[in-house]
$ cat input-v9.txt   # compact mmCIF, C-alpha atoms
# COMPACT_ATOMS: atom_id res chain seq x y z
CA MET T 1 15.85 22.35 -58.75
CA ARG T 2 18.49 19.63 -58.79
CA TYR T 3 19.14 18.70 -55.23
CA THR T 4 19.43 15.27 -53.69
CA PHE T 5 18.47 15.12 -50.08
CA GLN T 6 20.98 13.20 -48.02
CA PHE T 7 20.03 12.56 -44.48
CA SER T 8 22.72 9.94 -43.83
CA GLY T 9 25.15 12.54 -42.52
CA VAL T 10 22.55 13.60 -40.01
CA TRP T 11 21.63 10.05 -38.94
CA ASP T 12 25.33 9.28 -38.35
CA ARG T 13 25.42 12.01 -35.72
CA LEU T 14 22.12 11.24 -34.08
CA ASP T 15 23.91 10.89 -30.72
CA LEU T 16 24.89 14.57 -30.96
CA LEU T 17 21.29 15.52 -31.60
CA PHE T 18 20.03 13.47 -28.67
CA ALA T 19 22.64 15.02 -26.39
CA GLY T 20 21.59 18.45 -27.68
CA ALA T 21 17.91 17.74 -27.13
CA TRP T 22 18.64 16.54 -23.60
CA ALA T 23 20.63 19.71 -22.93
CA THR T 24 17.71 21.79 -24.24
CA ILE T 25 15.34 19.94 -21.90
CA GLN T 26 17.62 20.54 -18.92
CA LEU T 27 18.28 24.16 -19.78
CA SER T 28 14.62 24.99 -20.29
CA ALA T 29 13.41 23.02 -17.25
CA LEU T 30 15.90 24.84 -15.01
CA SER T 31 14.97 28.22 -16.52
CA MET T 32 11.29 27.44 -15.94
CA LEU T 33 11.90 26.64 -12.26
CA ILE T 34 14.03 29.71 -11.62
CA GLY T 35 11.85 31.93 -13.80
CA LEU T 36 8.70 30.88 -11.95
CA GLY T 37 10.41 31.49 -8.59
CA VAL T 38 11.50 34.95 -9.71
CA GLY T 39 8.00 35.58 -11.04
CA VAL T 40 6.26 34.62 -7.78
CA VAL T 41 8.58 36.78 -5.65
CA CYS T 42 8.37 39.78 -8.00
CA ALA T 43 4.60 39.49 -8.34
CA ARG T 44 4.29 39.48 -4.54
CA VAL T 45 6.46 42.61 -4.43
CA LEU T 46 4.22 44.28 -7.02
CA THR T 47 1.07 43.62 -4.99
CA HIS T 48 2.43 44.12 -1.45
CA GLY T 49 6.01 45.37 -1.53
CA PRO T 50 7.22 48.82 -0.47
CA LYS T 51 7.04 51.45 -3.18
CA PRO T 52 10.77 51.74 -4.06
CA LEU T 53 11.00 47.96 -4.47
CA ARG T 54 7.85 48.00 -6.60
CA LEU T 55 9.46 50.54 -8.91
CA VAL T 56 12.57 48.35 -9.23
CA VAL T 57 10.45 45.34 -10.16
CA ARG T 58 8.39 47.38 -12.65
CA ALA T 59 11.60 48.63 -14.26
CA TYR T 60 12.94 45.06 -14.45
CA VAL T 61 9.77 43.71 -16.03
CA GLU T 62 9.42 46.54 -18.56
CA THR T 63 13.10 46.46 -19.54
CA ILE T 64 13.11 42.74 -20.16
CA ARG T 65 9.78 42.67 -21.98
CA ASN T 66 10.74 45.49 -24.32
CA THR T 67 14.18 44.30 -25.41
CA PRO T 68 15.11 41.20 -27.46
CA LEU T 69 16.35 38.05 -25.76
CA LEU T 70 19.33 38.00 -28.11
CA VAL T 71 20.51 41.43 -26.94
CA GLN T 72 20.00 40.42 -23.30
CA LEU T 73 22.12 37.36 -24.00
CA PHE T 74 24.89 39.47 -25.59
CA LEU T 75 24.84 41.90 -22.67
CA ILE T 76 25.23 39.12 -20.13
CA PHE T 77 27.73 37.00 -22.06
CA PHE T 78 29.86 39.73 -23.70
CA GLY T 79 29.03 42.74 -21.53
CA LEU T 80 29.42 41.37 -18.00
CA PRO T 81 33.07 40.22 -18.48
CA SER T 82 34.04 43.86 -19.13
CA LEU T 83 32.64 44.57 -15.65
CA GLY T 84 34.73 41.72 -14.26
CA VAL T 85 32.06 38.99 -14.21
CA ARG T 86 33.16 36.10 -16.40
CA LEU T 87 30.60 33.44 -17.29
CA THR T 88 30.68 30.24 -19.31
CA ALA T 89 28.33 30.17 -22.30
CA ASP T 90 26.08 27.65 -20.53
CA ALA T 91 25.84 29.78 -17.38
CA ALA T 92 25.13 32.92 -19.39
CA ALA T 93 22.41 31.04 -21.30
CA LEU T 94 20.74 29.81 -18.11
CA ILE T 95 20.90 33.23 -16.45
CA THR T 96 19.53 35.04 -19.50
CA LEU T 97 16.64 32.63 -20.01
CA SER T 98 15.73 32.70 -16.30
CA VAL T 99 15.88 36.48 -16.07
CA ASN T 100 13.82 36.75 -19.26
CA LEU T 101 11.17 34.24 -18.21
CA GLY T 102 11.13 35.78 -14.72
CA ALA T 103 9.83 39.05 -16.15
CA TYR T 104 7.08 37.38 -18.18
CA SER T 105 5.98 35.15 -15.32
CA THR T 106 5.89 38.16 -12.98
CA GLU T 107 3.19 39.67 -15.17
CA ILE T 108 1.30 36.39 -15.44
CA VAL T 109 1.44 35.53 -11.72
CA ARG T 110 0.47 39.08 -10.78
CA ALA T 111 -2.69 38.75 -12.84
CA GLY T 112 -3.43 35.58 -10.87
CA LEU T 113 -2.79 37.28 -7.51
CA ASP T 114 -5.10 40.14 -8.49
CA ALA T 115 -7.86 37.66 -9.27
CA VAL T 116 -7.96 36.20 -5.75
CA HIS T 117 -10.92 37.64 -3.91
CA ARG T 118 -10.36 40.01 -1.00
CA SER T 119 -12.68 37.98 1.25
CA GLN T 120 -10.38 34.95 0.92
CA ILE T 121 -7.52 36.97 2.34
CA GLU T 122 -9.71 38.29 5.14
CA ALA T 123 -10.81 34.76 5.96
CA GLY T 124 -7.15 33.75 6.22
CA GLU T 125 -6.43 36.70 8.49
CA ALA T 126 -9.43 35.83 10.63
CA LEU T 127 -7.85 32.40 11.18
CA ALA T 128 -4.83 34.23 12.67
CA MET T 129 -2.55 33.27 9.79
CA THR T 130 0.60 35.32 9.35
CA PRO T 131 0.82 37.39 6.14
CA PHE T 132 3.24 34.82 4.77
CA GLN T 133 0.88 31.96 5.57
CA VAL T 134 -2.00 33.80 3.94
CA PHE T 135 0.09 34.28 0.81
CA ARG T 136 1.48 30.75 0.76
CA TYR T 137 -1.69 28.80 1.58
CA VAL T 138 -4.63 31.04 0.66
CA VAL T 139 -3.57 33.32 -2.19
CA LEU T 140 -0.83 31.58 -4.17
CA PRO T 141 -2.43 28.18 -4.93
CA PRO T 142 -5.64 29.52 -6.53
CA ALA T 143 -3.65 32.30 -8.23
CA LEU T 144 -1.30 29.79 -9.86
CA GLU T 145 -4.23 27.55 -10.73
CA LYS T 146 -5.98 30.40 -12.51
CA VAL T 147 -2.98 31.43 -14.62
CA TYR T 148 -1.62 27.92 -15.12
CA PRO T 149 -2.49 27.72 -18.86
CA ALA T 150 -0.80 31.08 -19.53
CA LEU T 151 2.27 30.00 -17.57
CA ALA T 152 2.45 26.71 -19.41
CA SER T 153 2.35 28.34 -22.83
CA GLN T 154 4.95 30.90 -21.75
CA PHE T 155 7.15 27.99 -20.62
CA VAL T 156 6.84 26.31 -24.02
CA LEU T 157 7.75 29.61 -25.71
CA THR T 158 10.85 29.77 -23.50
CA MET T 159 11.82 26.23 -24.50
CA LEU T 160 11.59 27.24 -28.17
CA ALA T 161 13.42 30.51 -27.50
CA SER T 162 16.26 28.60 -25.86
CA SER T 163 17.42 27.88 -29.44
CA ILE T 164 18.67 31.48 -29.45
CA VAL T 165 21.46 30.69 -26.99
CA SER T 166 23.16 28.83 -29.85
CA ALA T 167 24.31 32.33 -30.84
CA ILE T 168 26.89 32.12 -28.05
CA SER T 169 27.42 28.37 -28.64
CA ALA T 170 25.90 27.30 -25.33
CA GLU T 171 25.26 23.60 -25.36
CA GLU T 172 21.78 22.72 -26.65
CA LEU T 173 19.91 21.36 -29.66
CA THR T 174 20.45 24.19 -32.15
CA SER T 175 24.16 24.34 -31.30
CA ALA T 176 24.34 20.61 -31.97
CA ALA T 177 22.65 21.25 -35.32
CA ASN T 178 25.14 24.01 -36.14
CA LEU T 179 28.01 21.64 -35.35
CA ILE T 180 26.63 18.86 -37.55
CA GLN T 181 25.92 21.39 -40.27
CA SER T 182 29.52 22.57 -40.25
CA GLN T 183 30.80 18.99 -40.47
CA THR T 184 28.45 17.61 -43.13
CA PHE T 185 27.41 20.74 -45.10
CA ARG T 186 23.92 19.22 -45.17
CA SER T 187 22.40 22.36 -43.70
CA PHE T 188 18.83 22.00 -44.92
CA GLU T 189 18.55 18.36 -43.86
CA VAL T 190 19.97 19.09 -40.42
CA TYR T 191 17.59 21.95 -39.72
CA ILE T 192 14.58 19.98 -41.03
CA VAL T 193 15.38 17.20 -38.56
CA VAL T 194 15.99 19.67 -35.74
CA GLY T 195 12.80 21.57 -36.56
CA ILE T 196 10.86 18.32 -36.17
CA ALA T 197 12.76 17.63 -32.95
CA TYR T 198 11.61 20.98 -31.55
CA LEU T 199 8.03 20.22 -32.60
CA LEU T 200 8.23 16.96 -30.67
CA LEU T 201 9.77 18.74 -27.68
CA ALA T 202 6.99 21.34 -27.72
CA PHE T 203 4.45 18.53 -27.88
CA LEU T 204 6.21 16.71 -25.05
CA PHE T 205 6.29 19.78 -22.81
CA ARG T 206 2.62 20.56 -23.51
CA GLY T 207 1.70 17.00 -22.56
CA LEU T 208 3.81 17.16 -19.41
CA PHE T 209 2.25 20.45 -18.39
CA LEU T 210 -1.22 19.01 -18.91
CA LEU T 211 -0.40 16.08 -16.61
CA LEU T 212 1.35 18.33 -14.11
CA GLY T 213 -1.69 20.61 -14.02
CA LEU T 214 -3.96 17.64 -13.38
CA ALA T 215 -1.67 16.39 -10.62
CA ALA T 216 -1.29 19.76 -8.92
CA PHE T 217 -4.82 21.19 -9.12
CA PRO T 218 -7.77 19.01 -8.01
CA ARG T 219 -10.27 21.34 -9.66
CA ARG T 220 -8.49 21.01 -12.99
CA ARG T 221 -8.48 17.24 -12.58
CA ARG T 222 -12.21 17.16 -11.87
CA ASP T 223 -13.05 19.38 -14.88
CA PHE T 224 -10.78 17.35 -17.13
CA LEU T 225 -12.32 14.04 -16.08
CA ALA T 226 -15.83 15.45 -16.46
CA GLY T 227 -14.83 16.68 -19.92
CA THR T 228 -13.58 13.28 -21.07
CA ARG T 229 -16.67 11.49 -19.76
CA ALA T 230 -19.07 13.88 -21.45
CA MET N 1 42.88 48.98 -34.80
CA ILE N 2 40.53 49.23 -31.85
CA ARG N 3 38.66 52.51 -31.59
CA THR N 4 36.23 53.76 -28.98
CA PHE N 5 32.46 53.70 -29.24
CA SER N 6 31.67 57.09 -30.73
CA PHE N 7 28.74 59.18 -31.87
CA GLY N 8 29.36 57.95 -35.42
CA ASP N 9 28.75 54.40 -34.21
CA PHE N 10 25.54 55.50 -32.57
CA VAL N 11 24.34 56.97 -35.85
CA PHE N 12 25.29 53.71 -37.57
CA LEU N 13 23.12 51.82 -35.05
CA LEU N 14 20.22 54.19 -35.62
CA GLU N 15 20.51 53.70 -39.36
CA ALA N 16 20.49 49.94 -38.87
CA ALA N 17 17.39 50.33 -36.69
CA ARG N 18 15.56 51.43 -39.83
CA TRP N 19 15.98 47.87 -41.11
CA THR N 20 14.54 46.59 -37.84
CA LEU N 21 11.48 48.77 -38.45
CA GLY N 22 11.33 47.81 -42.12
CA LEU N 23 11.42 44.09 -41.33
CA THR N 24 8.75 44.60 -38.67
CA LEU N 25 6.53 46.29 -41.22
CA ILE N 26 7.04 43.50 -43.78
CA ALA N 27 6.38 40.82 -41.17
CA ALA N 28 3.29 42.58 -39.83
CA LEU N 29 1.76 43.22 -43.27
CA GLY N 30 2.67 39.87 -44.82
CA GLY N 31 1.92 37.98 -41.63
CA GLY N 32 -1.30 39.90 -41.19
CA LEU N 33 -2.53 39.04 -44.66
CA ILE N 34 -1.73 35.33 -44.37
CA GLY N 35 -2.77 35.30 -40.72
CA LEU N 36 -6.21 36.69 -41.54
CA GLY N 37 -6.67 33.93 -44.09
CA PHE N 38 -5.80 31.26 -41.54
CA ALA N 39 -7.93 32.92 -38.84
CA LEU N 40 -10.95 32.73 -41.17
CA MET N 41 -10.10 29.13 -42.05
CA ARG N 42 -9.95 28.28 -38.34
CA ILE N 43 -13.58 29.33 -37.89
CA SER N 44 -14.74 27.91 -41.22
CA ARG N 45 -17.73 25.60 -41.52
CA TRP N 46 -15.61 23.03 -43.30
CA ARG N 47 -13.70 20.66 -41.07
CA ALA N 48 -10.90 20.16 -43.63
CA LEU N 49 -10.12 23.88 -43.76
CA ARG N 50 -10.12 24.08 -39.98
CA ALA N 51 -7.76 21.11 -39.76
CA VAL N 52 -5.32 22.54 -42.33
CA ALA N 53 -5.21 25.91 -40.58
CA SER N 54 -4.80 24.30 -37.19
CA LEU N 55 -1.94 22.12 -38.44
CA TYR N 56 -0.20 25.13 -40.00
CA ILE N 57 -0.46 27.13 -36.78
CA GLN N 58 0.70 24.23 -34.60
CA VAL N 59 3.71 23.48 -36.78
CA ILE N 60 4.89 27.09 -37.13
CA GLN N 61 4.29 27.92 -33.48
CA GLY N 62 6.03 24.72 -32.41
CA THR N 63 9.20 25.48 -34.37
CA PRO N 64 11.64 28.09 -33.10
CA LEU N 65 11.79 31.18 -35.31
CA LEU N 66 15.55 30.72 -35.53
CA ILE N 67 15.08 27.28 -37.13
CA LEU N 68 12.53 28.74 -39.58
CA LEU N 69 15.08 31.37 -40.55
CA PHE N 70 17.79 28.73 -41.05
CA LEU N 71 15.42 26.64 -43.17
CA PHE N 72 14.66 29.55 -45.49
CA TYR N 73 18.28 30.67 -45.53
CA PHE N 74 19.64 27.27 -46.55
CA GLY N 75 16.48 26.12 -48.34
CA LEU N 76 16.51 28.95 -50.87
CA ASP N 77 20.19 28.27 -51.35
CA ILE N 78 19.77 24.62 -52.32
CA MET N 79 16.97 25.58 -54.69
CA GLY N 80 19.71 27.45 -56.49
CA LEU N 81 18.37 30.86 -55.53
CA ARG N 82 21.17 33.09 -54.34
CA LEU N 83 19.12 35.80 -52.72
CA PRO N 84 20.15 38.45 -50.22
CA ALA N 85 19.63 37.60 -46.55
CA ILE N 86 16.66 39.94 -46.28
CA VAL N 87 14.54 37.56 -48.36
CA SER N 88 14.96 34.63 -45.98
CA ALA N 89 14.67 37.00 -43.04
CA ALA N 90 11.39 38.40 -44.32
CA LEU N 91 9.95 34.97 -45.25
CA GLY N 92 10.76 33.50 -41.84
CA LEU N 93 9.26 36.46 -39.99
CA VAL N 94 6.13 36.54 -42.18
CA LEU N 95 5.47 32.85 -41.47
CA TYR N 96 6.11 33.34 -37.77
CA ALA N 97 3.86 36.41 -37.52
CA SER N 98 1.08 34.82 -39.57
CA SER N 99 0.75 31.84 -37.23
CA PHE N 100 0.49 33.98 -34.11
CA LEU N 101 -1.78 36.63 -35.66
CA ALA N 102 -4.07 33.88 -36.94
CA GLU N 103 -4.57 32.59 -33.39
CA ILE N 104 -4.98 36.07 -31.90
CA TRP N 105 -7.55 37.06 -34.50
CA ARG N 106 -9.41 33.78 -34.33
CA GLY N 107 -9.96 34.51 -30.65
CA CYS N 108 -11.28 37.97 -31.51
CA LEU N 109 -13.63 36.64 -34.17
CA GLU N 110 -14.95 33.99 -31.81
CA SER N 111 -15.53 36.55 -29.07
CA ILE N 112 -18.24 38.22 -31.16
CA PRO N 113 -21.49 37.00 -29.58
CA ARG N 114 -23.34 34.26 -31.39
CA ALA N 115 -26.42 36.49 -31.58
CA GLN N 116 -24.59 38.89 -33.90
CA TRP N 117 -24.00 36.09 -36.42
CA GLU N 118 -27.59 34.97 -36.16
CA ALA N 119 -28.92 38.49 -36.51
CA ALA N 120 -26.88 38.95 -39.68
CA GLU N 121 -28.23 35.70 -41.00
CA ALA N 122 -31.79 36.73 -40.13
CA LEU N 123 -31.27 39.84 -42.27
CA ALA N 124 -30.48 37.51 -45.17
CA LEU N 125 -26.91 38.76 -45.50
CA THR N 126 -24.60 36.51 -47.46
CA SER N 127 -21.71 35.03 -45.47
CA TRP N 128 -19.36 37.55 -47.11
CA GLN N 129 -21.63 40.49 -46.20
CA ARG N 130 -22.01 39.17 -42.69
CA MET N 131 -18.24 38.99 -42.26
CA ARG N 132 -17.59 42.33 -43.96
CA HIS N 133 -20.32 44.47 -42.38
CA VAL N 134 -21.19 42.81 -39.08
CA ILE N 135 -18.43 40.64 -37.66
CA LEU N 136 -15.15 42.20 -38.84
CA PRO N 137 -15.92 45.80 -37.80
CA GLN N 138 -16.59 44.59 -34.25
CA ALA N 139 -13.71 42.11 -34.21
CA VAL N 140 -11.21 44.71 -35.41
CA ARG N 141 -11.93 46.84 -32.36
CA ILE N 142 -11.23 43.95 -30.03
CA ALA N 143 -8.19 42.89 -32.05
CA ILE N 144 -6.30 46.18 -31.92
CA PRO N 145 -4.76 45.95 -28.41
CA PRO N 146 -3.40 42.39 -28.70
CA THR N 147 -2.21 43.08 -32.25
CA VAL N 148 -0.27 46.16 -31.16
CA GLY N 149 1.12 44.05 -28.31
CA PHE N 150 2.24 41.40 -30.79
CA LEU N 151 4.05 44.06 -32.83
CA VAL N 152 6.44 44.27 -29.87
CA GLN N 153 7.19 40.56 -30.27
CA ILE N 154 7.86 41.07 -33.97
CA VAL N 155 10.23 44.01 -33.34
CA LYS N 156 12.17 41.95 -30.80
CA ASN N 157 12.26 38.86 -32.96
CA THR N 158 13.67 40.69 -35.98
CA SER N 159 16.89 40.56 -33.93
CA LEU N 160 17.19 36.85 -34.78
CA THR N 161 17.82 37.72 -38.42
CA ALA N 162 21.23 38.95 -37.21
CA ILE N 163 22.18 35.29 -36.77
CA ILE N 164 21.68 34.60 -40.49
CA GLY N 165 23.75 37.70 -41.24
CA PHE N 166 21.15 40.31 -42.05
CA VAL N 167 22.38 43.71 -40.88
CA GLU N 168 19.68 45.18 -38.70
CA LEU N 169 20.07 46.70 -35.26
CA SER N 170 21.47 43.64 -33.43
CA ARG N 171 23.88 42.69 -36.21
CA ALA N 172 25.01 46.31 -36.40
CA GLY N 173 25.64 46.11 -32.65
CA GLN N 174 27.83 43.06 -33.18
CA LEU N 175 29.75 44.84 -35.93
CA VAL N 176 30.33 47.93 -33.80
CA ASN N 177 31.37 45.71 -30.90
CA ASN N 178 33.90 43.92 -33.10
CA ALA N 179 35.48 47.26 -33.95
CA THR N 180 35.36 48.93 -30.54
CA PHE N 181 35.37 45.96 -28.15
CA GLN N 182 33.16 47.78 -25.68
CA PRO N 183 30.38 45.19 -25.49
CA PHE N 184 28.66 46.63 -22.44
CA ALA N 185 28.29 50.13 -23.85
CA VAL N 186 27.41 48.89 -27.34
CA PHE N 187 24.77 46.33 -26.40
CA LEU N 188 23.30 48.62 -23.75
CA THR N 189 22.83 51.23 -26.49
CA VAL N 190 21.30 48.61 -28.78
CA ALA N 191 18.95 47.51 -25.99
CA ALA N 192 18.00 51.15 -25.36
CA ILE N 193 17.08 51.64 -29.02
CA TYR N 194 14.90 48.52 -28.97
CA PHE N 195 13.32 49.78 -25.77
CA ALA N 196 12.60 53.14 -27.36
CA ILE N 197 10.75 51.34 -30.16
CA CYS N 198 8.95 48.71 -28.06
CA PHE N 199 7.97 50.55 -24.89
CA PRO N 200 5.59 53.03 -26.56
CA LEU N 201 3.96 50.12 -28.40
CA SER N 202 3.53 48.14 -25.16
CA GLU N 203 2.06 51.16 -23.42
CA ALA N 204 -0.27 51.89 -26.31
CA SER N 205 -1.46 48.29 -26.30
CA GLN N 206 -2.25 48.44 -22.58
CA ARG N 207 -3.93 51.80 -22.82
CA LEU N 208 -6.11 50.67 -25.73
CA GLU N 209 -7.09 47.58 -23.81
CA ARG N 210 -8.13 49.58 -20.76
CA LYS N 211 -10.07 52.01 -22.93
CA LEU N 212 -11.91 49.17 -24.60
CA ASN N 213 -12.73 47.53 -21.28
CA VAL N 214 -14.07 50.74 -19.78
CA ALA N 215 -16.27 51.27 -22.80
CA GLY N 216 -17.69 47.87 -21.90
CA ARG N 217 -18.32 47.24 -25.58

$ encode --input "input-v9.txt" --output "structure tokens"
Amino acid sequence: MRYTFQFSGVWDRLDLLFAGAWATIQLSALSMLIGLGVGVVCARVLTHGPKPLRLVVRAYVETIRNTPLLVQLFLIFFGLPSLGVRLTADAAALITLSVNLGAYSTEIVRAGLDAVHRSQIEAGEALAMTPFQVFRYVVLPPALEKVYPALASQFVLTMLASSIVSAISAEELTSAANLIQSQTFRSFEVYIVVGIAYLLLAFLFRGLFLLLGLAAFPRRRRDFLAGTRA
Amino acid sequence: MIRTFSFGDFVFLLEAARWTLGLTLIAALGGGLIGLGFALMRISRWRALRAVASLYIQVIQGTPLLILLFLFYFGLDIMGLRLPAIVSAALGLVLYASSFLAEIWRGCLESIPRAQWEAAEALALTSWQRMRHVILPQAVRIAIPPTVGFLVQIVKNTSLTAIIGFVELSRAGQLVNNATFQPFAVFLTVAAIYFAICFPLSEASQRLERKLNVAGR
């Protein structure tokens, strides 16, 4: 093997990589927010909604979970315009990732809702809470707390999967890498650097989710502090 | 010349789907073999082995599969190896599958009650015999549902090899779309074929899990 690694071409365009990483952070953070919202609503429908609506949600979840993200992306970006809906690459990327994550978080949140004990709900009802109040204040917080680790790891997977939207040249880290690659022809070097960047991003998101979990859930905080003292 | 999406195209997609299945098989077998090794390392007595396995899993799971595929695709190239795209596709998928299977199986191995290990030791079994005759047979039972579930992830992720130019189902969809320019029909068909492969696997995984839970082990 006679190959001289040259990273200088990559370092010269570090600004592009930083912009790409920032776009990846924004894209995945937005998808996480929307995806979680979709997941909470759909999970509620699955546990309490009317039957026809439940079937729609089931169909949505199963369809998304059993088809590749890439094909979903192609359908939304290339397919929708033929039905008269024209989207920019960035919008198509955000919609696809949110719809995709929505299906996965529906399953996760539903598991959390199922785990909340019946007597808790009855206690809420006995306090004359409306069904919405019971859901919002009694059922949802402990449900989310219970499935928080699963949600967090699904979120990190979505961040990594966001690299796939480079296939339609939406703006993010892998697209930035593709651009640099086409200008410098230093493909291997570029993707090594970007691979490390993703590792750091995954690390960053995991750390953030740990802190967020501690901030949001007192029980988690208490267990964590007890764990570090022990 | 633009033509319409025809039955011939559908057959072409089905033929390409064989590559999707083939890649899945390669990734599952190769990834399973390497993954088992790392799963055993993760529960090893030696700290160094555990650390190496943990680092491997963290690094592979923290890198997008697409980047792994690019690294193999361009990496083999600069080593002077001009190999067909399936080689980089297979290597990337094997690595990806091995890291996830290692974690899944580690969990299964660790879920075997401590007493089973101790009982095997009390019978003076060697560590190999203990693994082979006591732990693995029980762990395999627990491991089947999540492993079948992970097969679905592998099937779906083989679609990424389309981006490095390997002609499997998704790439075939792109090719048909380029010729017919009916993206909605073409990609809906592609999605339906993936669904036909993945849905039975997902269902089987859930059913096996329920069955195992009812049996109460």

$ interface_residues --input "input-v9.txt" --of "chain T" --to "chain N" --cutoff "6 Å" --atoms "only C-alpha atoms" --output "PyMOL selection string"
chain T and resi 1+66-68+75+78-79+160+188+195+198-199+202

$ atom_distance --input "input-v9.txt" --atom1 "CA of Met159 (chain T)" --atom2 "CA of Phe205 (chain T)"
8.7 Å

$ atom_distance --input "input-v9.txt" --atom1 "CA of Glu122 (chain T)" --atom2 "CA of Leu36 (chain T)"
26.2 Å

$ atom_distance --input "input-v9.txt" --atom1 "CA of Leu214 (chain T)" --atom2 "CA of Leu33 (chain T)"
18.3 Å

$ residues_around --input "input-v9.txt" --residues "Ser153 (chain T)" --least-positions-apart "5" --cutoff "12 Å" --atoms "only C-alpha atoms" --output "list in words"
Met32, Leu101, Tyr104, Ser105, Ile108, Val147, Tyr148, Thr158, Met159, Leu160, Ala202, Phe203, Phe205, Arg206, Gly207, Leu208, Phe209 and Leu210 of chain T; Gln61 and Gly62 of chain N

$ write_last_selection --input "input-v9.txt" --atoms "C-alpha atoms" --output "PDB file, in the frame of the given file"
ATOM      1  CA  MET T  32      11.290  27.440 -15.940  1.00  0.00           C
ATOM      2  CA  LEU T 101      11.170  34.240 -18.210  1.00  0.00           C
ATOM      3  CA  TYR T 104       7.080  37.380 -18.180  1.00  0.00           C
ATOM      4  CA  SER T 105       5.980  35.150 -15.320  1.00  0.00           C
ATOM      5  CA  ILE T 108       1.300  36.390 -15.440  1.00  0.00           C
ATOM      6  CA  VAL T 147      -2.980  31.430 -14.620  1.00  0.00           C
ATOM      7  CA  TYR T 148      -1.620  27.920 -15.120  1.00  0.00           C
ATOM      8  CA  THR T 158      10.850  29.770 -23.500  1.00  0.00           C
ATOM      9  CA  MET T 159      11.820  26.230 -24.500  1.00  0.00           C
ATOM     10  CA  LEU T 160      11.590  27.240 -28.170  1.00  0.00           C
ATOM     11  CA  ALA T 202       6.990  21.340 -27.720  1.00  0.00           C
ATOM     12  CA  PHE T 203       4.450  18.530 -27.880  1.00  0.00           C
ATOM     13  CA  PHE T 205       6.290  19.780 -22.810  1.00  0.00           C
ATOM     14  CA  ARG T 206       2.620  20.560 -23.510  1.00  0.00           C
ATOM     15  CA  GLY T 207       1.700  17.000 -22.560  1.00  0.00           C
ATOM     16  CA  LEU T 208       3.810  17.160 -19.410  1.00  0.00           C
ATOM     17  CA  PHE T 209       2.250  20.450 -18.390  1.00  0.00           C
ATOM     18  CA  LEU T 210      -1.220  19.010 -18.910  1.00  0.00           C
TER      19      LEU T 210
ATOM     20  CA  GLN N  61       4.290  27.920 -33.480  1.00  0.00           C
ATOM     21  CA  GLY N  62       6.030  24.720 -32.410  1.00  0.00           C
TER      22      GLY N  62
END

$ axis_aligned_box --input "input-v9.txt" --around "region 41-45 of chain T" --padding-each-side "5 Å" --output "JSON"
{"center_x": 6.4, "center_y": 39.7, "center_z": -6.4, "size_x": 14.3, "size_y": 15.8, "size_z": 13.9}

$ residues_around --input "input-v9.txt" --residues "Leu14 (chain N)" --least-positions-apart "2" --cutoff "10 Å" --atoms "all atoms listed in the file" --output "NGL selection string"
:N and (8-12 or 16-20 or 168-169 or 172 or 189-190 or 193)

$ closest_residue --input "input-v9.txt" --among "T:Ala19, T:Ala115, T:Ala29, T:Ala103" --to "Ala59 (chain T)" --atoms "all atoms listed in the file"
T:Ala103

$ residues_around --input "input-v9.txt" --residues "Leu95 (chain N)" --least-positions-apart "2" --cutoff "10 Å" --atoms "all atoms listed in the file" --output "JSON, numbers by chain"
{"N": [27, 30, 31, 32, 34, 35, 56, 57, 60, 61, 65, 68, 69, 90, 91, 92, 93, 97, 98, 99, 100]}

$ closest_residue --input "input-v9.txt" --among "N:Leu33, N:Leu109, N:Ala39, N:Leu208" --to "Gln138 (chain N)" --atoms "only C-alpha atoms"
N:Leu109

$ closest_residue --input "input-v9.txt" --among "N:Ser44, N:Gln116, N:Thr4, N:Ser111" --to "Ala139 (chain N)" --atoms "only C-alpha atoms"
N:Ser111

$ residues_around --input "input-v9.txt" --residues "Phe217 (chain T)" --least-positions-apart "3" --cutoff "10 Å" --atoms "only C-alpha atoms" --output "number ranges by chain"
T: 141-142, 144-146, 148, 212-214, 220-222

$ write_last_selection --input "input-v9.txt" --atoms "C-alpha atoms" --output "short mmCIF file (atom, residue, chain, number, x, y, z; two decimals), in the frame of the given file"
data_model
loop_
_atom_site.label_atom_id
_atom_site.label_comp_id
_atom_site.auth_asym_id
_atom_site.auth_seq_id
_atom_site.Cartn_x
_atom_site.Cartn_y
_atom_site.Cartn_z
CA PRO T 141 -2.43 28.18 -4.93
CA PRO T 142 -5.64 29.52 -6.53
CA LEU T 144 -1.30 29.79 -9.86
CA GLU T 145 -4.23 27.55 -10.73
CA LYS T 146 -5.98 30.40 -12.51
CA TYR T 148 -1.62 27.92 -15.12
CA LEU T 212 1.35 18.33 -14.11
CA GLY T 213 -1.69 20.61 -14.02
CA LEU T 214 -3.96 17.64 -13.38
CA ARG T 220 -8.49 21.01 -12.99
CA ARG T 221 -8.48 17.24 -12.58
CA ARG T 222 -12.21 17.16 -11.87
#
